[in-house]
>>> print(open('upload-v7.tsv').read())   # TSV, C-alpha atoms
chain	number	residue	atom	x	y	z
A	1	MET	CA	106.96	71.54	88.88
A	2	ALA	CA	109.37	74.32	88.04
A	3	LYS	CA	106.64	76.25	86.22
A	4	PHE	CA	105.04	77.02	89.62
A	5	ILE	CA	108.15	78.71	90.87
A	6	LEU	CA	109.01	82.00	89.22
A	7	SER	CA	111.60	82.90	91.82
A	8	PRO	CA	115.29	82.16	91.20
A	9	GLU	CA	116.50	79.50	93.60
A	10	TRP	CA	118.61	81.96	95.62
A	11	PHE	CA	115.48	84.07	96.24
A	12	LEU	CA	113.32	81.21	97.47
A	13	GLY	CA	111.88	82.09	100.86
A	14	ILE	CA	113.09	85.70	100.69
A	15	ASP	CA	110.02	86.59	98.63
A	16	ALA	CA	107.86	84.97	101.33
A	17	GLY	CA	109.65	87.15	103.89
A	18	PHE	CA	108.89	90.24	101.80
A	19	GLU	CA	105.25	89.26	101.59
A	20	VAL	CA	105.05	88.72	105.35
A	21	VAL	CA	106.16	92.35	105.74
A	22	THR	CA	103.59	93.60	103.20
A	23	MET	CA	100.94	91.53	104.95
A	24	ALA	CA	101.85	93.11	108.30
A	25	VAL	CA	101.55	96.62	106.84
A	26	ALA	CA	98.16	95.76	105.33
A	27	VAL	CA	96.97	94.39	108.70
A	28	LEU	CA	98.11	97.58	110.50
A	29	ILE	CA	96.23	99.81	108.06
A	30	ALA	CA	93.14	97.58	108.15
A	31	PHE	CA	93.07	97.56	111.95
A	32	THR	CA	93.56	101.33	112.22
A	33	SER	CA	90.87	102.06	109.64
A	34	TYR	CA	88.45	99.80	111.50
A	35	LYS	CA	89.28	101.63	114.76
A	36	PHE	CA	88.41	104.95	113.09
A	37	TYR	CA	85.16	103.42	111.85
A	38	LYS	CA	84.25	102.54	115.46
A	39	ILE	CA	84.98	106.14	116.51
A	40	SER	CA	83.22	107.91	113.65
A	41	ASN	CA	80.66	105.35	112.46
A	42	MET	CA	81.55	106.38	108.90
A	43	LYS	CA	81.29	103.47	106.47
A	44	LYS	CA	84.22	104.62	104.30
A	45	TYR	CA	86.66	103.65	107.08
A	46	LEU	CA	85.02	100.23	107.38
A	47	TYR	CA	85.22	99.55	103.62
A	48	PHE	CA	88.82	100.80	103.49
A	49	GLY	CA	89.73	98.55	106.42
A	50	VAL	CA	88.00	95.55	104.84
A	51	ALA	CA	89.89	96.14	101.56
A	52	PHE	CA	93.25	96.12	103.35
A	53	ALA	CA	92.21	93.11	105.43
A	54	MET	CA	91.49	91.29	102.15
A	55	LEU	CA	94.92	92.30	100.85
A	56	ALA	CA	96.51	90.95	104.03
A	57	THR	CA	94.60	87.67	103.64
A	58	ALA	CA	95.66	87.50	99.98
A	59	PHE	CA	99.33	87.83	100.94
A	60	ALA	CA	98.92	85.27	103.74
A	61	THR	CA	97.44	82.82	101.21
A	62	ARG	CA	100.32	83.45	98.83
A	63	VAL	CA	102.99	83.05	101.52
A	64	LEU	CA	101.49	79.75	102.69
A	65	THR	CA	101.08	78.44	99.13
A	66	ASN	CA	104.59	79.45	98.11
A	67	LEU	CA	106.26	78.03	101.22
A	68	ILE	CA	104.60	74.65	100.74
A	69	ILE	CA	105.55	74.58	97.06
A	70	TYR	CA	109.11	75.67	97.85
A	71	TYR	CA	109.38	72.93	100.47
A	72	ASN	CA	108.29	70.35	97.90
A	73	PHE	CA	110.72	71.79	95.35
A	74	ILE	CA	113.63	71.65	97.76
A	75	GLU	CA	112.74	68.11	98.80
A	76	GLN	CA	112.65	66.99	95.17
A	77	ASN	CA	116.01	68.54	94.43
A	78	SER	CA	117.49	66.94	97.55
A	79	PHE	CA	116.16	63.44	96.89
A	80	GLY	CA	116.24	63.54	93.07
A	81	ILE	CA	113.95	60.47	92.98
A	82	ALA	CA	111.47	60.27	90.10
A	83	GLN	CA	108.78	58.61	92.24
A	84	ALA	CA	108.97	61.31	94.89
A	85	VAL	CA	108.66	63.97	92.19
A	86	HIS	CA	105.64	62.27	90.68
A	87	GLU	CA	103.89	61.99	94.05
A	88	ALA	CA	104.69	65.58	94.95
A	89	VAL	CA	103.52	67.18	91.72
A	90	GLY	CA	99.92	65.91	91.86
A	91	PRO	CA	98.68	67.33	95.17
A	92	ALA	CA	101.06	70.29	95.03
A	93	SER	CA	99.65	71.25	91.65
A	94	ASN	CA	96.07	71.34	92.95
A	95	PHE	CA	97.13	73.11	96.13
A	96	PHE	CA	99.10	75.71	94.22
A	97	SER	CA	96.29	76.37	91.74
A	98	THR	CA	93.75	76.81	94.54
A	99	GLY	CA	96.05	79.03	96.56
A	100	LEU	CA	96.94	81.11	93.53
A	101	LEU	CA	93.28	81.55	92.57
A	102	GLY	CA	92.42	82.55	96.13
A	103	TYR	CA	95.26	85.08	96.19
A	104	ARG	CA	94.17	86.61	92.89
A	105	ILE	CA	90.47	86.83	93.72
A	106	LEU	CA	91.23	88.42	97.09
A	107	THR	CA	93.74	90.90	95.63
A	108	LEU	CA	91.52	92.05	92.77
A	109	THR	CA	88.46	92.29	95.04
A	110	ALA	CA	90.50	94.34	97.53
A	111	LEU	CA	91.70	96.68	94.77
A	112	LEU	CA	88.14	97.01	93.45
A	113	GLY	CA	87.01	97.88	96.97
A	114	LEU	CA	89.76	100.49	97.34
A	115	TYR	CA	88.81	102.01	93.99
A	116	LEU	CA	85.12	102.25	94.95
A	117	VAL	CA	85.88	103.82	98.35
A	118	LEU	CA	88.42	106.34	97.08
A	119	SER	CA	86.29	107.34	94.10
A	120	ARG	CA	83.34	107.86	96.48
A	121	LYS	CA	81.46	105.28	94.44
A	122	ALA	CA	80.90	102.84	97.30
A	123	LYS	CA	77.22	103.82	97.18
A	124	THR	CA	76.96	103.03	93.47
A	125	SER	CA	74.14	100.73	92.35
A	126	LYS	CA	74.29	97.06	93.34
A	127	SER	CA	74.05	95.97	89.71
A	128	VAL	CA	77.16	97.98	88.79
A	129	LYS	CA	79.06	96.61	91.77
A	130	GLY	CA	77.86	93.12	90.86
A	131	LEU	CA	79.07	93.55	87.30
A	132	LEU	CA	82.48	94.79	88.46
A	133	MET	CA	82.77	91.83	90.84
A	134	TYR	CA	81.87	89.50	87.95
A	135	PHE	CA	84.73	90.96	85.88
A	136	VAL	CA	87.08	90.51	88.85
A	137	LEU	CA	86.09	86.83	89.11
A	138	ILE	CA	86.44	86.25	85.37
A	139	ALA	CA	89.83	87.96	85.34
A	140	SER	CA	90.99	85.87	88.32
A	141	ILE	CA	89.85	82.56	86.81
A	142	PHE	CA	91.20	83.38	83.35
A	143	SER	CA	94.51	84.51	84.87
A	144	THR	CA	95.21	80.94	86.04
A	145	GLN	CA	95.82	80.21	82.33
A	146	VAL	CA	97.17	83.61	81.29
A	147	THR	CA	99.03	85.26	84.19
A	148	LEU	CA	99.22	88.51	82.25
A	149	VAL	CA	95.48	89.09	82.84
A	150	PHE	CA	95.83	89.28	86.64
A	151	HIS	CA	98.82	91.62	86.63
A	152	LEU	CA	97.33	93.92	83.99
A	153	THR	CA	93.99	94.07	85.84
A	154	ALA	CA	95.72	94.79	89.14
A	155	ALA	CA	97.91	97.42	87.46
A	156	ALA	CA	94.81	99.02	85.92
A	157	PHE	CA	93.08	99.26	89.31
A	158	LEU	CA	96.25	100.69	90.87
A	159	PHE	CA	96.55	103.19	88.02
A	160	PHE	CA	93.06	104.57	88.70
A	161	ILE	CA	93.70	104.55	92.46
A	162	SER	CA	96.95	106.47	91.86
A	163	MET	CA	95.15	108.99	89.65
A	164	MET	CA	92.56	109.62	92.36
A	165	THR	CA	95.31	110.03	94.95
A	166	LEU	CA	97.04	112.47	92.60
A	167	ARG	CA	93.84	114.51	92.37
A	168	THR	CA	93.63	114.49	96.18
A	169	TYR	CA	97.24	115.67	96.36
A	170	PHE	CA	96.52	118.57	93.96
A	171	ARG	CA	93.65	119.53	96.24
A	172	ASN	CA	95.33	119.31	99.66
A	173	LYS	CA	99.07	119.57	98.78
A	174	SER	CA	99.81	117.27	101.72
A	175	ASN	CA	103.17	115.47	101.99
A	176	LYS	CA	101.38	112.44	103.41
A	177	THR	CA	99.15	112.25	100.34
A	178	LYS	CA	102.25	112.55	98.16
A	179	GLN	CA	103.75	109.55	99.98
A	180	THR	CA	100.55	107.56	99.52
A	181	LEU	CA	100.64	108.46	95.82
A	182	ALA	CA	104.24	107.20	95.62
A	183	ALA	CA	103.20	103.96	97.37
A	184	PHE	CA	100.32	103.21	95.01
A	185	THR	CA	102.45	104.11	91.98
A	186	LEU	CA	105.19	101.71	93.10
A	187	LEU	CA	102.58	98.96	93.55
A	188	MET	CA	101.27	99.64	90.04
A	189	PHE	CA	104.78	99.34	88.57
A	190	SER	CA	105.44	96.15	90.53
A	191	GLN	CA	102.43	94.52	88.87
A	192	LEU	CA	103.72	95.50	85.44
A	193	ILE	CA	107.19	94.17	86.25
A	194	PHE	CA	105.68	90.82	87.34
A	195	ILE	CA	104.45	90.26	83.76
A	196	PRO	CA	107.79	89.20	82.19
A	197	ALA	CA	108.73	87.18	85.32
A	198	ILE	CA	107.71	83.88	83.66
A	199	TYR	CA	110.49	84.32	81.10
A	200	ILE	CA	112.95	86.48	83.06
A	201	PRO	CA	113.35	85.28	86.68
A	202	ILE	CA	115.20	88.45	87.72
A	203	ALA	CA	112.03	90.42	86.84
A	204	TYR	CA	110.27	88.51	89.64
A	205	VAL	CA	112.94	89.67	92.09
A	206	VAL	CA	112.70	93.28	90.93
A	207	ALA	CA	108.90	93.18	91.11
A	208	GLN	CA	109.00	91.82	94.67
A	209	VAL	CA	111.45	94.55	95.71
A	210	VAL	CA	109.31	97.29	94.13
A	211	GLN	CA	106.17	95.87	95.76
A	212	LEU	CA	107.89	95.81	99.14
A	213	ALA	CA	109.08	99.39	98.58
A	214	GLY	CA	105.47	100.40	97.91
A	215	PHE	CA	104.24	98.95	101.17
A	216	ILE	CA	107.18	100.32	103.16
A	217	THR	CA	106.34	103.78	101.76
A	218	MET	CA	102.77	103.26	102.92
A	219	LEU	CA	104.10	102.27	106.33
A	220	PHE	CA	106.03	105.56	106.57
A	221	THR	CA	102.82	107.46	105.80
A	222	PHE	CA	100.99	105.43	108.41
A	223	ARG	CA	103.67	106.25	111.01
A	224	LYS	CA	103.25	109.96	110.34
A	225	VAL	CA	99.51	109.59	110.90
A	226	LYS	CA	100.00	107.67	114.14
A	227	ASN	CA	102.44	110.26	115.45
A	228	ALA	CA	100.13	113.18	114.67
A	229	LYS	CA	99.94	115.54	117.63
A	230	ASN	CA	97.15	117.91	118.67
B	1	MET	CA	81.40	121.39	103.88
B	2	ARG	CA	78.73	119.96	106.16
B	3	ARG	CA	80.02	118.76	109.53
B	4	THR	CA	79.60	115.10	110.37
B	5	ARG	CA	78.55	113.86	113.80
B	6	ILE	CA	82.13	113.19	114.84
B	7	ASP	CA	83.21	116.65	113.60
B	8	ILE	CA	80.60	118.27	115.85
B	9	ILE	CA	81.61	116.11	118.82
B	10	ASN	CA	85.26	117.06	118.34
B	11	ASP	CA	84.38	120.75	117.98
B	12	MET	CA	82.57	120.58	121.32
B	13	LEU	CA	85.41	118.73	123.02
B	14	MET	CA	88.00	121.13	121.63
B	15	ALA	CA	85.87	124.09	122.76
B	16	ILE	CA	86.13	122.72	126.31
B	17	VAL	CA	89.87	122.02	125.99
B	18	ASN	CA	90.52	125.54	124.66
B	19	LYS	CA	88.71	127.00	127.66
B	20	GLY	CA	91.11	125.23	130.01
B	21	GLY	CA	89.06	122.08	130.45
B	22	ALA	CA	85.83	123.60	131.72
B	23	ILE	CA	83.20	125.67	129.94
B	24	LYS	CA	79.83	127.26	130.68
B	25	PRO	CA	76.84	125.96	128.68
B	26	THR	CA	76.27	129.28	126.89
B	27	HIS	CA	79.90	129.44	125.80
B	28	LEU	CA	79.70	125.85	124.57
B	29	LEU	CA	76.53	126.71	122.62
B	30	TYR	CA	78.33	129.62	120.96
B	31	LYS	CA	81.56	127.75	120.26
B	32	SER	CA	79.89	124.60	118.93
B	33	ASN	CA	77.71	126.60	116.51
B	34	LEU	CA	74.61	124.51	117.20
B	35	SER	CA	70.99	125.23	118.04
B	36	HIS	CA	70.05	124.90	121.71
B	37	THR	CA	68.06	121.72	121.04
B	38	LEU	CA	70.86	120.06	119.13
B	39	MET	CA	73.43	121.06	121.72
B	40	LYS	CA	71.34	119.49	124.46
B	41	GLU	CA	71.17	116.25	122.44
B	42	TYR	CA	74.91	116.17	121.94
B	43	VAL	CA	75.62	117.05	125.56
B	44	SER	CA	73.39	114.15	126.65
B	45	GLU	CA	75.28	111.82	124.34
B	46	LEU	CA	78.70	113.06	125.45
B	47	THR	CA	77.73	112.79	129.12
B	48	ALA	CA	76.33	109.28	128.66
B	49	LYS	CA	79.55	108.21	126.94
B	50	LYS	CA	81.57	109.83	129.77
B	51	LEU	CA	83.39	112.14	127.40
B	52	ILE	CA	82.31	115.17	129.41
B	53	GLU	CA	80.99	115.71	132.94
B	54	GLU	CA	78.58	118.19	134.39
B	55	GLN	CA	80.07	120.16	137.25
B	56	PRO	CA	77.52	122.04	139.40
B	57	LEU	CA	78.59	125.52	140.54
B	58	LYS	CA	77.14	127.92	143.11
B	59	ARG	CA	75.44	129.62	140.21
B	60	GLY	CA	74.83	127.47	137.16
B	61	LYS	CA	77.11	124.69	135.99
B	62	ASN	CA	80.17	123.90	133.94
B	63	PHE	CA	80.96	121.14	131.51
B	64	THR	CA	84.38	119.57	131.97
B	65	ILE	CA	86.18	117.22	129.62
B	66	THR	CA	87.19	113.78	130.90
B	67	GLU	CA	90.37	111.87	130.07
B	68	LYS	CA	88.28	109.69	127.74
B	69	GLY	CA	87.12	112.85	125.99
B	70	ARG	CA	90.69	114.09	125.60
B	71	LYS	CA	91.70	110.70	124.18
B	72	LEU	CA	88.86	110.83	121.66
B	73	SER	CA	89.99	114.27	120.58
B	74	ARG	CA	93.53	112.96	119.98
B	75	GLU	CA	92.17	109.99	118.01
B	76	TYR	CA	90.03	112.39	115.96
B	77	LYS	CA	93.14	114.29	114.93
B	78	LYS	CA	94.80	111.03	113.82
B	79	MET	CA	91.64	110.05	111.96
B	80	LYS	CA	91.71	113.33	110.04
B	81	GLU	CA	95.39	112.82	109.20
B	82	PHE	CA	94.56	109.28	108.00
B	83	GLN	CA	91.71	110.65	105.89
B	84	GLU	CA	94.00	113.27	104.36
B	85	ALA	CA	96.84	110.81	103.73
B	86	PHE	CA	94.72	108.19	101.96
B	87	GLY	CA	92.25	110.56	100.30
B	88	LEU	CA	89.19	109.14	102.04
>>> encode(input="upload-v7.tsv", output="structure tokens")
Amino acid sequence: MAKFILSPEWFLGIDAGFEVVTMAVAVLIAFTSYKFYKISNMKKYLYFGVAFAMLATAFATRVLTNLIIYYNFIEQNSFGIAQAVHEAVGPASNFFSTGLLGYRILTLTALLGLYLVLSRKAKTSKSVKGLLMYFVLIASIFSTQVTLVFHLTAAAFLFFISMMTLRTYFRNKSNKTKQTLAAFTLLMFSQLIFIPAIYIPIAYVVAQVVQLAGFITMLFTFRKVKNAKN
Amino acid sequence: MRRTRIDIINDMLMAIVNKGGAIKPTHLLYKSNLSHTLMKEYVSELTAKKLIEEQPLKRGKNFTITEKGRKLSREYKKMKEFQEAFGL
């Protein structure tokens, strides 16, 4: 049972709180991008919004999965009865695996979508997009056995997204772009820090904090956009 | 860089705003940098969507921007900031 929970006991529930915040930021960005799509009829805003909506759904899945597992974990520790543990592990194990797989597929698909939109490759051939989606699925499924695969794949996507944002920053020298670059870079580092979390619980805490910092930075950028005056 | 449909619409709305909220058709044609045929198409669209209104005068007419048009112009600015921030 403990193998499902990477968080130190004192951090249980706090990580879910962090992810609720990141989910809210993703929803805000998704909604705003969709609004701009309705105004402009430009597909890039739609795809961008869908990618962030998928990220929000991924975090929602993770929060729900984690909270149910944490509840089971706390119950087991409170009761300390072998039978209760045995009954809890079976269904919780399946539920956790399904939730985790769903979270990973949604996250990697969202990052793939972001990469395609930002690299202006959303119009690339269907076969290439299909192949990329196949790799995302394989990475997600394989990562249920080797967690490293998910975090490295996510970090790789975020690296390329950060590089594209850097190129955009060199072009427009905008402070808002610089903040977005900082946000994506923090998210990339958070994925790398998640890797040793299986062996070093404090790494999980640090990774969650860095991930939250990334989304908060994105929120600050979003606020500047919303407050833009004529 | 080639203007998109929304860029042209905003240029037309801003042309009206910059003229104090009302503009003659010939001035709009000049400011929007469109052919006469295209301008007529866009004016029809903007009027149908109630972003601008036609105001008859003793001689000729004016185009005036509506509150909905002003709101769209503000949203356009935010959209451009969003585009710049996220590199879209």
>>> atom_distance(input="upload-v7.tsv", atom1="atom CA of A:Val63", atom2="atom CA of A:Ala16")
5.2 Å
>>> atom_distance(input="upload-v7.tsv", atom1="atom CA of B:Glu67", atom2="atom CA of B:Leu51")
7.5 Å
>>> residues_around(input="upload-v7.tsv", residues="A:Thr221", least_positions_apart="2", cutoff="10 Å", atoms="only C-alpha atoms", output="PDB file with C-alpha atoms, in the coordinates of the input")
ATOM      1  CA  ASN A 175     103.170 115.470 101.990  1.00  0.00           C
ATOM      2  CA  LYS A 176     101.380 112.440 103.410  1.00  0.00           C
ATOM      3  CA  THR A 177      99.150 112.250 100.340  1.00  0.00           C
ATOM      4  CA  LYS A 178     102.250 112.550  98.160  1.00  0.00           C
ATOM      5  CA  GLN A 179     103.750 109.550  99.980  1.00  0.00           C
ATOM      6  CA  THR A 180     100.550 107.560  99.520  1.00  0.00           C
ATOM      7  CA  ALA A 183     103.200 103.960  97.370  1.00  0.00           C
ATOM      8  CA  PHE A 215     104.240  98.950 101.170  1.00  0.00           C
ATOM      9  CA  ILE A 216     107.180 100.320 103.160  1.00  0.00           C
ATOM     10  CA  THR A 217     106.340 103.780 101.760  1.00  0.00           C
ATOM     11  CA  MET A 218     102.770 103.260 102.920  1.00  0.00           C
ATOM     12  CA  LEU A 219     104.100 102.270 106.330  1.00  0.00           C
ATOM     13  CA  ARG A 223     103.670 106.250 111.010  1.00  0.00           C
ATOM     14  CA  LYS A 224     103.250 109.960 110.340  1.00  0.00           C
ATOM     15  CA  VAL A 225      99.510 109.590 110.900  1.00  0.00           C
ATOM     16  CA  LYS A 226     100.000 107.670 114.140  1.00  0.00           C
TER      17      LYS A 226
ATOM     18  CA  GLU B  81      95.390 112.820 109.200  1.00  0.00           C
ATOM     19  CA  PHE B  82      94.560 109.280 108.000  1.00  0.00           C
ATOM     20  CA  ALA B  85      96.840 110.810 103.730  1.00  0.00           C
ATOM     21  CA  PHE B  86      94.720 108.190 101.960  1.00  0.00           C
TER      22      PHE B  86
END
>>> residues_around(input="upload-v7.tsv", residues="A:Leu181", least_positions_apart="4", cutoff="12 Å", atoms="only C-alpha atoms", output="MDAnalysis selection string")
(chainID A and resid 158:170 173:177 185:188 214:215 217:218 221) or (chainID B and resid 84:87)
>>> interface_residues(input="upload-v7.tsv", of="chain B", to="chain A", cutoff="12 Å", atoms="all atoms listed in the file", output="ChimeraX atom specification")
/B:4-10,14,17-18,49,69-88
>>> atom_distance(input="upload-v7.tsv", atom1="atom CA of A:Glu19", atom2="atom CA of A:Val146")
22.6 Å
>>> closest_residue(input="upload-v7.tsv", among="A:Thr153, A:Gln208, A:Thr65, A:Ser125", to="A:Thr22", atoms="all atoms listed in the file")
A:Gln208
>>> closest_residue(input="upload-v7.tsv", among="B:Thr64, B:Gln55, B:Ser44, B:Ser32", to="B:Gly20", atoms="only C-alpha atoms")
B:Thr64
>>> build_atoms(input="upload-v7.tsv", residues="stretch 8-18 of chain B", atoms="all heavy atoms", output="JSON list (two decimals), keeping the file's coordinate frame")
[["chain", "number", "residue", "atom", "x", "y", "z"],
["B", 8, "ILE", "N", 81.30, 117.45, 114.85],
["B", 8, "ILE", "CA", 80.60, 118.27, 115.85],
["B", 8, "ILE", "C", 81.07, 117.89, 117.26],
["B", 8, "ILE", "O", 81.36, 118.75, 118.09],
["B", 8, "ILE", "CB", 79.07, 118.11, 115.72],
["B", 8, "ILE", "CG1", 78.60, 118.70, 114.40],
["B", 8, "ILE", "CG2", 78.35, 118.80, 116.90],
["B", 8, "ILE", "CD1", 77.16, 118.42, 114.05],
["B", 9, "ILE", "N", 81.16, 116.58, 117.50],
["B", 9, "ILE", "CA", 81.61, 116.11, 118.82],
["B", 9, "ILE", "C", 83.01, 116.65, 119.12],
["B", 9, "ILE", "O", 83.27, 117.14, 120.23],
["B", 9, "ILE", "CB", 81.58, 114.57, 118.89],
["B", 9, "ILE", "CG1", 80.13, 114.08, 118.98],
["B", 9, "ILE", "CG2", 82.39, 114.05, 120.09],
["B", 9, "ILE", "CD1", 79.95, 112.59, 118.87],
["B", 10, "ASN", "N", 83.90, 116.57, 118.13],
["B", 10, "ASN", "CA", 85.26, 117.06, 118.34],
["B", 10, "ASN", "C", 85.28, 118.57, 118.55],
["B", 10, "ASN", "O", 86.03, 119.07, 119.39],
["B", 10, "ASN", "CB", 86.16, 116.69, 117.17],
["B", 10, "ASN", "CG", 87.61, 117.07, 117.44],
["B", 10, "ASN", "OD1", 88.26, 116.51, 118.31],
["B", 10, "ASN", "ND2", 88.11, 118.05, 116.72],
["B", 11, "ASP", "N", 84.45, 119.29, 117.81],
["B", 11, "ASP", "CA", 84.38, 120.75, 117.98],
["B", 11, "ASP", "C", 83.98, 121.09, 119.41],
["B", 11, "ASP", "O", 84.53, 122.00, 120.02],
["B", 11, "ASP", "CB", 83.37, 121.36, 117.00],
["B", 11, "ASP", "CG", 83.91, 121.42, 115.58],
["B", 11, "ASP", "OD1", 85.13, 121.21, 115.40],
["B", 11, "ASP", "OD2", 83.12, 121.65, 114.64],
["B", 12, "MET", "N", 83.03, 120.33, 119.94],
["B", 12, "MET", "CA", 82.57, 120.58, 121.32],
["B", 12, "MET", "C", 83.67, 120.25, 122.32],
["B", 12, "MET", "O", 83.92, 121.01, 123.26],
["B", 12, "MET", "CB", 81.31, 119.74, 121.62],
["B", 12, "MET", "CG", 80.09, 120.19, 120.83],
["B", 12, "MET", "SD", 78.65, 119.15, 121.07],
["B", 12, "MET", "CE", 78.11, 119.64, 122.69],
["B", 13, "LEU", "N", 84.34, 119.12, 122.10],
["B", 13, "LEU", "CA", 85.41, 118.73, 123.02],
["B", 13, "LEU", "C", 86.56, 119.74, 122.97],
["B", 13, "LEU", "O", 87.12, 120.12, 124.02],
["B", 13, "LEU", "CB", 85.94, 117.33, 122.67],
["B", 13, "LEU", "CG", 84.96, 116.16, 122.89],
["B", 13, "LEU", "CD1", 85.55, 114.85, 122.37],
["B", 13, "LEU", "CD2", 84.60, 116.02, 124.37],
["B", 14, "MET", "N", 86.90, 120.17, 121.76],
["B", 14, "MET", "CA", 88.00, 121.13, 121.63],
["B", 14, "MET", "C", 87.62, 122.48, 122.23],
["B", 14, "MET", "O", 88.49, 123.20, 122.76],
["B", 14, "MET", "CB", 88.38, 121.30, 120.15],
["B", 14, "MET", "CG", 89.14, 120.13, 119.58],
["B", 14, "MET", "SD", 90.57, 119.60, 120.58],
["B", 14, "MET", "CE", 91.64, 121.03, 120.48],
["B", 15, "ALA", "N", 86.33, 122.83, 122.14],
["B", 15, "ALA", "CA", 85.87, 124.09, 122.76],
["B", 15, "ALA", "C", 86.14, 124.05, 124.27],
["B", 15, "ALA", "O", 86.58, 125.03, 124.87],
["B", 15, "ALA", "CB", 84.39, 124.30, 122.49],
["B", 16, "ILE", "N", 85.90, 122.89, 124.87],
["B", 16, "ILE", "CA", 86.13, 122.72, 126.31],
["B", 16, "ILE", "C", 87.63, 122.76, 126.62],
["B", 16, "ILE", "O", 88.08, 123.40, 127.56],
["B", 16, "ILE", "CB", 85.49, 121.42, 126.85],
["B", 16, "ILE", "CG1", 84.00, 121.38, 126.55],
["B", 16, "ILE", "CG2", 85.74, 121.29, 128.36],
["B", 16, "ILE", "CD1", 83.30, 120.09, 126.91],
["B", 17, "VAL", "N", 88.41, 122.06, 125.79],
["B", 17, "VAL", "CA", 89.87, 122.02, 125.99],
["B", 17, "VAL", "C", 90.45, 123.43, 125.89],
["B", 17, "VAL", "O", 91.27, 123.86, 126.72],
["B", 17, "VAL", "CB", 90.54, 121.09, 124.96],
["B", 17, "VAL", "CG1", 92.05, 121.29, 124.93],
["B", 17, "VAL", "CG2", 90.21, 119.64, 125.24],
["B", 18, "ASN", "N", 89.98, 124.19, 124.90],
["B", 18, "ASN", "CA", 90.52, 125.54, 124.66],
["B", 18, "ASN", "C", 90.14, 126.53, 125.76],
["B", 18, "ASN", "O", 90.76, 127.58, 125.89],
["B", 18, "ASN", "CB", 90.05, 126.07, 123.30],
["B", 18, "ASN", "CG", 90.70, 125.31, 122.15],
["B", 18, "ASN", "OD1", 91.75, 124.70, 122.32],
["B", 18, "ASN", "ND2", 90.07, 125.32, 121.00]]
